[in-house]
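structure.txt follows; it contains compact mmCIF, C-alpha atoms and all ligand atoms.
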```txt
# COMPACT_ATOMS: atom_id res chain seq x y z
CA MET A 1 10.31 -17.60 -12.08
CA ILE A 2 8.50 -15.74 -9.31
CA TYR A 3 8.33 -12.02 -9.76
CA ALA A 4 7.60 -10.42 -6.39
CA ASP A 5 8.38 -6.81 -7.23
CA TYR A 6 5.03 -5.47 -8.45
CA ASN A 7 5.35 -2.29 -6.37
CA SER A 8 8.38 -1.35 -8.48
CA THR A 9 6.87 -2.24 -11.84
CA ALA A 10 4.08 -4.62 -12.81
CA PRO A 11 4.74 -6.77 -15.89
CA LEU A 12 2.85 -5.75 -19.02
CA LEU A 13 -0.70 -7.13 -18.84
CA PRO A 14 -1.67 -9.75 -21.45
CA SER A 15 -4.63 -7.55 -22.46
CA VAL A 16 -2.25 -4.61 -23.02
CA LYS A 17 0.08 -6.82 -25.06
CA GLU A 18 -2.82 -8.06 -27.20
CA TYR A 19 -4.07 -4.53 -27.73
CA LEU A 20 -0.63 -3.27 -28.74
CA LYS A 21 -0.07 -6.15 -31.17
CA THR A 22 -3.24 -5.20 -33.05
CA ARG A 23 -2.71 -1.50 -32.58
CA LEU A 24 0.75 -1.58 -34.17
CA ASP A 25 -0.83 -2.84 -37.37
CA THR A 26 -3.23 0.09 -37.65
CA PRO A 27 -2.39 3.20 -39.68
CA PHE A 28 -3.19 5.46 -36.71
CA PHE A 29 0.24 6.95 -36.16
CA ALA A 30 0.23 10.69 -36.42
CA ASN A 31 0.52 13.69 -34.21
CA PRO A 32 -2.81 13.96 -32.36
CA ASN A 33 -2.50 17.73 -32.64
CA SER A 34 -2.31 17.69 -36.46
CA LEU A 35 -5.47 18.81 -38.15
CA HIS A 36 -5.41 16.27 -40.98
CA THR A 37 -7.52 13.11 -40.87
CA ARG A 38 -4.81 10.86 -39.44
CA GLY A 39 -4.06 13.36 -36.67
CA ARG A 40 -7.74 13.64 -35.86
CA GLN A 41 -8.08 9.85 -35.71
CA VAL A 42 -5.29 9.62 -33.15
CA LYS A 43 -6.83 12.53 -31.22
CA GLU A 44 -10.12 10.66 -31.12
CA ILE A 45 -8.45 7.55 -29.65
CA LEU A 46 -6.67 9.77 -27.13
CA GLU A 47 -9.88 11.41 -26.00
CA ASN A 48 -11.72 8.07 -25.85
CA SER A 49 -8.91 6.82 -23.62
CA ARG A 50 -9.39 9.89 -21.42
CA ARG A 51 -13.07 9.04 -21.05
CA TYR A 52 -12.19 5.46 -20.10
CA CYS A 53 -9.56 6.61 -17.61
CA ALA A 54 -12.08 9.04 -16.09
CA LYS A 55 -14.68 6.30 -15.83
CA PHE A 56 -12.38 3.81 -14.09
CA LEU A 57 -10.98 6.42 -11.71
CA ASP A 58 -14.43 7.90 -11.06
CA ALA A 59 -13.44 11.38 -12.19
CA ASP A 60 -14.59 13.73 -14.94
CA SER A 61 -12.65 13.73 -18.21
CA TYR A 62 -11.60 17.37 -17.74
CA GLN A 63 -9.92 16.33 -14.46
CA ILE A 64 -7.53 13.88 -16.20
CA PHE A 65 -4.13 15.25 -17.25
CA TYR A 66 -1.74 12.90 -19.02
CA THR A 67 1.87 12.90 -17.82
CA SER A 68 4.94 10.65 -18.06
CA GLY A 69 4.24 8.97 -14.71
CA ALA A 70 3.74 9.57 -11.01
CA THR A 71 7.00 11.47 -10.50
CA GLU A 72 6.08 14.11 -13.05
CA SER A 73 2.51 14.26 -11.75
CA LEU A 74 3.68 14.84 -8.19
CA ASN A 75 6.30 17.43 -9.18
CA TRP A 76 3.74 19.23 -11.31
CA ALA A 77 1.13 19.14 -8.55
CA ILE A 78 3.53 20.59 -5.99
CA HIS A 79 4.74 23.41 -8.27
CA SER A 80 1.16 24.25 -9.21
CA LEU A 81 -0.16 24.25 -5.65
CA LEU A 82 2.65 26.56 -4.57
CA SER A 83 2.11 28.93 -7.51
CA ALA A 84 -1.60 29.06 -6.75
CA SER A 85 -1.07 30.06 -3.12
CA LYS A 86 0.26 33.17 -1.42
CA ASN A 87 1.29 30.96 1.54
CA LYS A 88 4.62 29.21 2.13
CA ILE A 89 3.71 26.57 4.68
CA VAL A 90 3.59 22.99 3.42
CA ILE A 91 2.58 20.05 5.59
CA SER A 92 3.90 16.69 4.44
CA SER A 93 4.26 13.22 5.90
CA ASN A 94 7.82 12.15 6.69
CA GLN A 95 7.55 8.98 4.62
CA GLU A 96 6.89 10.34 1.16
CA HIS A 97 8.42 8.83 -1.95
CA PRO A 98 11.46 10.86 -3.14
CA ALA A 99 9.26 12.24 -5.96
CA VAL A 100 7.69 14.35 -3.20
CA SER A 101 10.26 14.50 -0.41
CA LYS A 102 13.26 15.49 -2.56
CA LEU A 103 11.37 18.29 -4.26
CA LEU A 104 10.02 19.60 -0.95
CA ASN A 105 13.52 19.49 0.48
CA ILE A 106 14.90 21.54 -2.42
CA LEU A 107 12.08 24.07 -2.04
CA TYR A 108 12.78 24.24 1.68
CA LEU A 109 16.51 24.78 1.16
CA THR A 110 15.88 27.54 -1.39
CA GLY A 111 13.54 29.23 1.10
CA ASP A 112 10.47 28.80 -1.11
CA ILE A 113 8.52 26.86 1.51
CA ASP A 114 8.33 26.36 5.27
CA LEU A 115 8.12 22.63 5.68
CA HIS A 116 6.27 20.92 8.55
CA LEU A 117 6.76 17.16 8.61
CA ILE A 118 4.10 14.85 10.01
CA PRO A 119 5.69 12.11 12.11
CA THR A 120 5.09 8.40 11.59
CA LEU A 121 3.85 6.21 14.45
CA PRO A 122 5.71 2.97 15.30
CA SER A 123 2.85 1.13 13.56
CA GLY A 124 3.93 2.68 10.25
CA GLU A 125 0.84 4.91 10.03
CA ILE A 126 1.16 8.66 9.95
CA ASP A 127 0.27 10.47 13.14
CA SER A 128 -3.11 11.81 12.09
CA ILE A 129 -3.87 13.44 15.46
CA GLN A 130 -0.74 15.59 15.18
CA THR A 131 -1.63 16.34 11.58
CA LEU A 132 -5.11 17.53 12.50
CA ASP A 133 -3.63 19.70 15.30
CA LEU A 134 -1.08 21.17 12.92
CA ILE A 135 -3.73 21.99 10.33
CA ASN A 136 -5.99 23.50 12.99
CA ASN A 137 -3.14 25.63 14.37
CA LEU A 138 -1.66 26.82 11.07
CA GLY A 139 -4.98 27.03 9.19
CA ASN A 140 -5.03 29.89 6.71
CA LYS A 141 -1.21 30.08 6.50
CA ILE A 142 -0.96 26.66 4.81
CA ALA A 143 -0.26 26.46 1.06
CA PHE A 144 -1.15 22.78 0.85
CA VAL A 145 -1.00 19.43 2.63
CA THR A 146 0.48 16.29 1.08
CA CYS A 147 0.39 12.75 2.36
CA LEU A 148 0.78 9.44 0.55
CA MET A 149 -2.17 7.04 0.53
CA ALA A 150 -0.16 3.85 0.80
CA SER A 151 3.53 3.25 1.41
CA ASN A 152 5.42 1.64 -1.46
CA GLU A 153 7.66 -0.07 1.11
CA THR A 154 5.49 -1.29 4.01
CA GLY A 155 2.23 -1.18 2.06
CA VAL A 156 0.63 0.61 5.04
CA ILE A 157 -2.58 2.37 3.97
CA HIS A 158 -3.02 5.70 5.72
CA SER A 159 -6.45 6.74 6.88
CA LEU A 160 -6.66 10.23 5.47
CA ASP A 161 -10.42 10.83 5.64
CA LYS A 162 -10.41 13.15 8.65
CA ILE A 163 -7.39 15.06 7.32
CA ILE A 164 -9.02 15.47 3.91
CA ASP A 165 -12.30 16.60 5.51
CA LEU A 166 -10.51 19.18 7.65
CA CYS A 167 -8.55 20.48 4.65
CA ASN A 168 -11.76 20.78 2.65
CA THR A 169 -13.49 22.61 5.50
CA LYS A 170 -10.61 25.06 5.72
CA ASP A 171 -10.24 25.33 1.95
CA ILE A 172 -6.66 24.00 2.02
CA PRO A 173 -5.66 21.99 -1.06
CA ILE A 174 -4.68 18.41 -0.32
CA LEU A 175 -2.53 16.24 -2.60
CA SER A 176 -2.03 12.54 -2.12
CA ASP A 177 0.49 10.20 -3.71
CA SER A 178 -1.96 7.47 -4.66
CA THR A 179 0.55 5.62 -6.90
CA GLN A 180 0.56 2.36 -4.94
CA LEU A 181 -3.04 2.27 -3.81
CA ILE A 182 -4.79 2.61 -7.17
CA GLY A 183 -5.29 -0.81 -8.73
CA LYS A 184 -4.98 -2.79 -5.50
CA VAL A 185 -7.93 -1.55 -3.44
CA PRO A 186 -11.03 0.40 -4.49
CA PHE A 187 -10.46 4.07 -5.27
CA SER A 188 -12.79 6.80 -6.45
CA PHE A 189 -11.36 10.25 -7.10
CA LYS A 190 -14.76 11.83 -6.50
CA SER A 191 -15.37 10.19 -3.14
CA SER A 192 -11.76 10.67 -2.04
CA LYS A 193 -12.45 14.46 -1.91
CA LEU A 194 -8.76 15.01 -2.68
CA SER A 195 -7.64 18.10 -4.58
CA MET A 196 -5.08 16.09 -6.53
CA ALA A 197 -4.02 12.45 -6.89
CA VAL A 198 -1.72 10.55 -9.23
CA VAL A 199 -1.56 7.40 -11.36
CA SER A 200 1.49 5.60 -12.73
CA GLY A 201 1.06 3.41 -15.83
CA HIS A 202 3.88 0.95 -15.20
CA LYS A 203 2.56 0.10 -11.72
CA LEU A 204 -0.62 -1.17 -13.34
CA GLY A 205 0.74 -3.28 -16.19
CA ALA A 206 0.55 -0.53 -18.82
CA LEU A 207 3.57 0.74 -20.76
CA PRO A 208 6.14 2.67 -18.73
CA GLY A 209 6.37 6.42 -19.36
CA CYS A 210 2.70 7.28 -18.94
CA GLY A 211 0.66 8.48 -16.01
CA ILE A 212 -2.08 10.81 -14.89
CA LEU A 213 -2.44 13.82 -12.64
CA LEU A 214 -5.99 13.89 -11.32
CA VAL A 215 -7.13 17.41 -10.48
CA LYS A 216 -10.40 18.39 -8.86
CA ASN A 217 -10.12 22.00 -10.00
CA PRO A 218 -7.88 22.37 -13.09
CA LYS A 219 -7.73 26.15 -12.53
CA LEU A 220 -5.11 25.34 -9.88
CA LEU A 221 -2.69 24.04 -12.51
CA SER A 222 0.17 26.03 -13.97
CA PRO A 223 2.52 24.51 -16.54
CA LEU A 224 5.71 22.81 -15.44
CA ILE A 225 6.60 21.76 -18.99
CA VAL A 226 6.05 24.56 -21.46
CA GLY A 227 5.79 24.54 -25.23
CA GLY A 228 2.69 23.47 -27.16
CA GLU A 229 -0.90 23.77 -26.06
CA GLN A 230 -1.53 20.11 -25.17
CA GLU A 231 -3.57 19.08 -22.12
CA GLN A 232 -5.75 22.19 -21.87
CA GLY A 233 -2.61 24.28 -22.45
CA VAL A 234 -0.91 23.27 -19.19
CA ARG A 235 1.28 20.28 -20.14
CA ALA A 236 3.21 20.75 -23.33
CA GLY A 237 4.64 17.98 -25.49
CA THR A 238 3.18 15.50 -27.97
CA GLU A 239 1.17 13.01 -25.97
CA ASN A 240 2.52 9.48 -25.46
CA TYR A 241 -0.65 8.16 -27.03
CA LEU A 242 0.35 4.46 -27.14
CA GLY A 243 1.22 4.63 -23.45
CA ILE A 244 -2.03 6.41 -22.67
CA GLU A 245 -4.08 3.87 -24.63
CA SER A 246 -2.32 1.05 -22.76
CA LEU A 247 -3.13 2.82 -19.48
CA SER A 248 -6.84 2.95 -20.27
CA ILE A 249 -6.75 -0.81 -21.01
CA ALA A 250 -4.95 -1.48 -17.72
CA LEU A 251 -7.36 0.68 -15.71
CA ASN A 252 -10.23 -1.34 -17.19
CA GLU A 253 -8.81 -4.41 -15.42
CA ILE A 254 -8.79 -2.86 -11.98
CA PRO A 255 -12.10 -4.33 -10.72
CA THR A 256 -10.93 -7.85 -11.69
CA HIS A 257 -7.55 -7.28 -10.06
CA ILE A 258 -9.06 -5.95 -6.86
CA ASN A 259 -11.04 -9.18 -6.56
CA LEU A 260 -7.96 -11.30 -7.24
CA TYR A 261 -5.98 -9.30 -4.70
CA LYS A 262 -8.51 -10.33 -2.02
CA ASP A 263 -7.32 -13.93 -2.50
CA VAL A 264 -3.69 -12.82 -2.60
CA GLN A 265 -4.25 -11.06 0.74
CA LYS A 266 -5.44 -14.34 2.31
CA LEU A 267 -2.47 -16.26 0.91
CA LYS A 268 -0.11 -13.50 2.04
CA ASN A 269 -1.47 -13.63 5.61
CA ILE A 270 -0.81 -17.38 5.76
CA PHE A 271 2.62 -16.83 4.21
CA GLU A 272 3.54 -14.28 6.90
CA GLN A 273 2.27 -16.59 9.67
CA GLN A 274 4.38 -19.43 8.26
CA LEU A 275 7.45 -17.22 8.21
CA GLN A 276 6.79 -16.11 11.79
CA SER A 277 6.62 -19.70 12.94
CA ILE A 278 9.90 -20.53 11.18
CA PHE A 279 11.85 -17.40 12.18
CA SER A 280 11.30 -16.28 15.75
CA ASN A 281 13.12 -12.97 15.17
CA LEU A 282 11.27 -12.03 11.97
CA ILE A 283 9.89 -8.48 11.86
CA ILE A 284 6.96 -7.64 9.62
CA LEU A 285 7.03 -3.91 9.10
CA GLY A 286 3.63 -2.31 9.48
CA GLU A 287 2.18 -5.60 10.74
CA GLN A 288 -0.44 -3.98 12.98
CA ALA A 289 -1.68 -1.51 10.38
CA THR A 290 -4.03 -1.98 7.44
CA ARG A 291 -1.80 -2.78 4.49
CA LEU A 292 -2.01 -3.22 0.74
CA PRO A 293 -3.12 -6.78 -0.01
CA ASN A 294 0.04 -7.56 -2.01
CA THR A 295 2.88 -6.18 0.14
CA SER A 296 5.09 -7.86 2.76
CA TYR A 297 8.05 -5.89 4.04
CA ILE A 298 9.96 -8.29 6.25
CA SER A 299 13.23 -8.01 8.12
CA PHE A 300 15.71 -10.60 9.34
CA PRO A 301 17.78 -8.35 11.62
CA GLN A 302 20.99 -10.42 11.58
CA ILE A 303 21.12 -10.72 7.84
CA HIS A 304 22.20 -8.39 5.09
CA SER A 305 19.19 -7.96 2.83
CA GLN A 306 21.20 -7.62 -0.37
CA ALA A 307 22.83 -10.99 0.27
CA LEU A 308 19.35 -12.44 0.76
CA GLN A 309 18.11 -10.76 -2.40
CA ILE A 310 20.96 -12.39 -4.37
CA GLU A 311 20.29 -15.80 -2.78
CA LEU A 312 16.63 -15.56 -3.77
CA GLU A 313 17.49 -14.44 -7.26
CA SER A 314 19.63 -17.56 -7.67
CA GLU A 315 16.36 -19.45 -7.08
CA ASN A 316 14.53 -17.28 -9.63
CA ILE A 317 12.67 -15.20 -7.06
CA PHE A 318 12.79 -11.46 -7.67
CA VAL A 319 12.40 -9.08 -4.71
CA THR A 320 13.84 -5.71 -3.63
CA THR A 321 15.43 -4.51 -0.45
CA SER A 322 13.22 -1.41 -0.07
CA SER A 323 11.94 0.41 -3.14
CA ALA A 324 13.47 0.13 -6.59
CA CYS A 325 14.50 3.82 -6.48
CA ALA A 326 16.36 3.33 -3.19
CA ASP A 327 17.81 -0.10 -3.91
CA ASN A 328 21.23 1.33 -4.74
CA GLU A 329 21.37 3.92 -1.99
CA PRO A 330 23.58 3.48 1.07
CA HIS A 331 20.95 4.39 3.69
CA THR A 332 18.18 1.99 4.63
CA SER A 333 14.53 2.48 3.89
CA ILE A 334 12.44 5.64 4.26
CA SER A 335 9.76 3.87 6.30
CA VAL A 336 12.22 2.18 8.66
CA SER A 337 13.72 5.53 9.62
CA ALA A 338 10.30 7.24 9.68
CA MET A 339 9.07 4.53 12.09
CA GLY A 340 12.07 5.24 14.32
CA LEU A 341 13.37 1.68 14.01
CA ASP A 342 16.95 0.58 14.39
CA ASP A 343 18.96 0.76 11.16
CA GLN A 344 19.81 -2.92 11.65
CA ILE A 345 16.16 -3.71 10.88
CA GLY A 346 16.42 -1.72 7.65
CA ARG A 347 19.60 -3.50 6.66
CA GLY A 348 17.87 -6.86 7.00
CA ALA A 349 14.67 -5.92 5.19
CA ILE A 350 13.38 -7.25 1.89
CA ARG A 351 10.15 -6.21 0.23
CA LEU A 352 7.97 -8.74 -1.52
CA SER A 353 5.15 -7.29 -3.56
CA PHE A 354 2.93 -9.79 -5.27
CA GLY A 355 0.71 -9.63 -8.34
CA PRO A 356 -2.98 -10.44 -8.73
CA ASN A 357 -2.16 -13.95 -9.97
CA THR A 358 0.44 -14.94 -7.39
CA SER A 359 -0.56 -18.48 -6.40
CA GLN A 360 -0.41 -20.75 -3.37
CA GLN A 361 2.44 -22.68 -5.08
CA ASP A 362 4.37 -19.44 -5.51
CA PHE A 363 4.04 -18.62 -1.81
CA ASP A 364 5.04 -22.18 -0.83
CA TYR A 365 8.09 -21.99 -3.07
CA ILE A 366 9.15 -18.65 -1.56
CA VAL A 367 8.78 -19.99 2.00
CA GLU A 368 10.94 -23.01 1.13
CA LYS A 369 13.67 -20.95 -0.54
CA LEU A 370 13.61 -18.22 2.10
CA GLU A 371 14.06 -20.75 4.86
CA TYR A 372 17.02 -22.27 3.07
CA ALA A 373 18.62 -18.92 2.20
CA VAL A 374 18.22 -17.32 5.62
CA ASN A 375 19.59 -20.40 7.40
CA ARG A 376 22.53 -20.50 5.01
CA LEU A 377 23.34 -16.82 5.53
CA GLN A 378 23.00 -17.18 9.30
CA ARG A 379 25.41 -20.12 9.26
CA LEU A 380 27.91 -18.18 7.13
CA LYS A 381 27.68 -15.23 9.51
CA SER A 382 28.31 -17.30 12.63
CA ARG A 383 31.49 -18.88 11.24
N1 LIG A 401 5.21 7.38 -5.61
C1 LIG A 401 5.26 6.12 -5.14
C2 LIG A 401 4.59 5.80 -3.84
C3 LIG A 401 5.93 5.13 -5.87
O1 LIG A 401 5.97 3.88 -5.40
C4 LIG A 401 6.55 5.48 -7.09
C5 LIG A 401 7.33 4.48 -7.85
O2 LIG A 401 8.11 3.74 -7.30
C6 LIG A 401 6.46 6.82 -7.54
C7 LIG A 401 5.78 7.72 -6.77
C8 LIG A 401 7.07 7.23 -8.85
O3 LIG A 401 6.37 6.63 -9.91
P1 LIG A 401 6.86 6.71 -11.44
O4 LIG A 401 7.86 5.63 -11.61
O5 LIG A 401 5.61 6.49 -12.23
O6 LIG A 401 7.42 8.06 -11.66
```
Could I get this structure in the form of structure tokens?
Amino acid sequence: MIYADYNSTAPLLPSVKEYLKTRLDTPFFANPNSLHTRGRQVKEILENSRRYCAKFLDADSYQIFYTSGATESLNWAIHSLLSASKNKIVISSNQEHPAVSKLLNILYLTGDIDLHLIPTLPSGEIDSIQTLDLINNLGNKIAFVTCLMASNETGVIHSLDKIIDLCNTKDIPILSDSTQLIGKVPFSFKSSKLSMAVVSGHKLGALPGCGILLVKNPKLLSPLIVGGEQEQGVRAGTENYLGIESLSIALNEIPTHINLYKDVQKLKNIFEQQLQSIFSNLIILGEQATRLPNTSYISFPQIHSQALQIELESENIFVTTSSACADNEPHTSISVSAMGLDDQIGRGAIRLSFGPNTSQQDFDYIVEKLEYAVNRLQRLKSR
């Protein structure tokens, strides 16, 4: 079986599995907010995990806020940044994950924000020159700027440094959806100079249902989920401590994975070249841009991607057609439309996202099965 859908969810890491097996046999199951000994023991593990998470993300412990995943972190960040500002203008890229774009759209429709969308260049990168102009022109009327670090579909990594620097100079908060980037290439919250960034546990091989909102200045946060006094009083609800512990184990593996991904990147480049030599009409989305080492978003314009996905699955290869969240939606991918490409390209696109241990044999097997499947579908179509 070849699992090539890491950008949707990474399988549980062996180290996380081992940890959980041992952990389940401990007596440390109690509410971390209870004052008795058991509660305090769980609280101690929780706070140790926070220190680990802070270390691996290069942040301070007080900047780590546990959540249920990237969607909650992003929603929370957006609500907080709006509450903290007297301004209504929000600048966002036009290729955000729905966790950002749907919320911004709702806020726009209810009249809570004035939304300015940053266009995407045909290369798949955001138009940073237009963004800088927009920030310079709108300056002190902006509530915040948001732009994803790396696309979950194309894997394109956006160069945000100048935008972040300008925002910092003008004292405009800047949020970035860092879900896909963290764990695949080096990331330091401190050096990023971002106001807020996010982590999703299940993208890193931890348990699903846990994540982090990284916040430079926690004073900017206001609660989205209210109730108890957890997480410095701004995120209520008993902490998912097993998830959080698994996340700190997974974050510990990042340096090893980043090294492994360097080899995956080399294998992926050869894989893409092989496909280009087999299929003259193949389109690699974001080909000219810097991309995540593990992501290939490829389109066979004459072919229906879902048919191809099914063909590959019959050979035990698991891929998606865009992102897992959009797999069942009628329209084609967010990046294809943001890049201004023909919908036919979106309809023929499959995304392969590899893991740190994807091997040469795996790539060879995919090439073989892809060649067979695409030729078969082309023949069926021309009948
Ligand atoms: N942002 C990006 C770029 C993603 O790829 C995803 C997951 O697909 C999310 C946000 C949402 O993450 P989660 O499943 O942790 O809520």
Could the residues that lie within 7 Å of ligand LIG 401 (chain A), counting all atoms listed in the file, be listed as a count of residues only? 23
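Within the 9 Å cut-off around Thr295 in chain A, using all atoms listed in the file and omitting residues fewer than 6 positions from it on the same chain, the listed residues are A:Tyr6, A:Asn7, A:Asn152, A:Glu153, A:Thr154, A:Gly155, A:Val156, A:Gln265, A:Lys268, A:Arg351, A:Leu352, A:Ser353, A:Phe354.
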Between A:Val16, A:Ala307, A:Ile182, A:Val199, which has the minimum distance to His257 in chain A (counting all atoms listed in the file)?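 Of the candidates, the smallest distance to His257 in chain A is held by A:Ile182.
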CA of Pro173 in chain A and CA of Phe144 in chain A are how many Å apart?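 So the answer is 5.0 Å.
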Hey, what's within 10 Å of range 48-59 of chain A if we count only C-alpha atoms and toss same-chain stuff fewer than 2 positions away? As number ranges by chain, please? A: 42-46, 61-66, 182-183, 186-192, 199, 212, 214-216, 241, 244-255
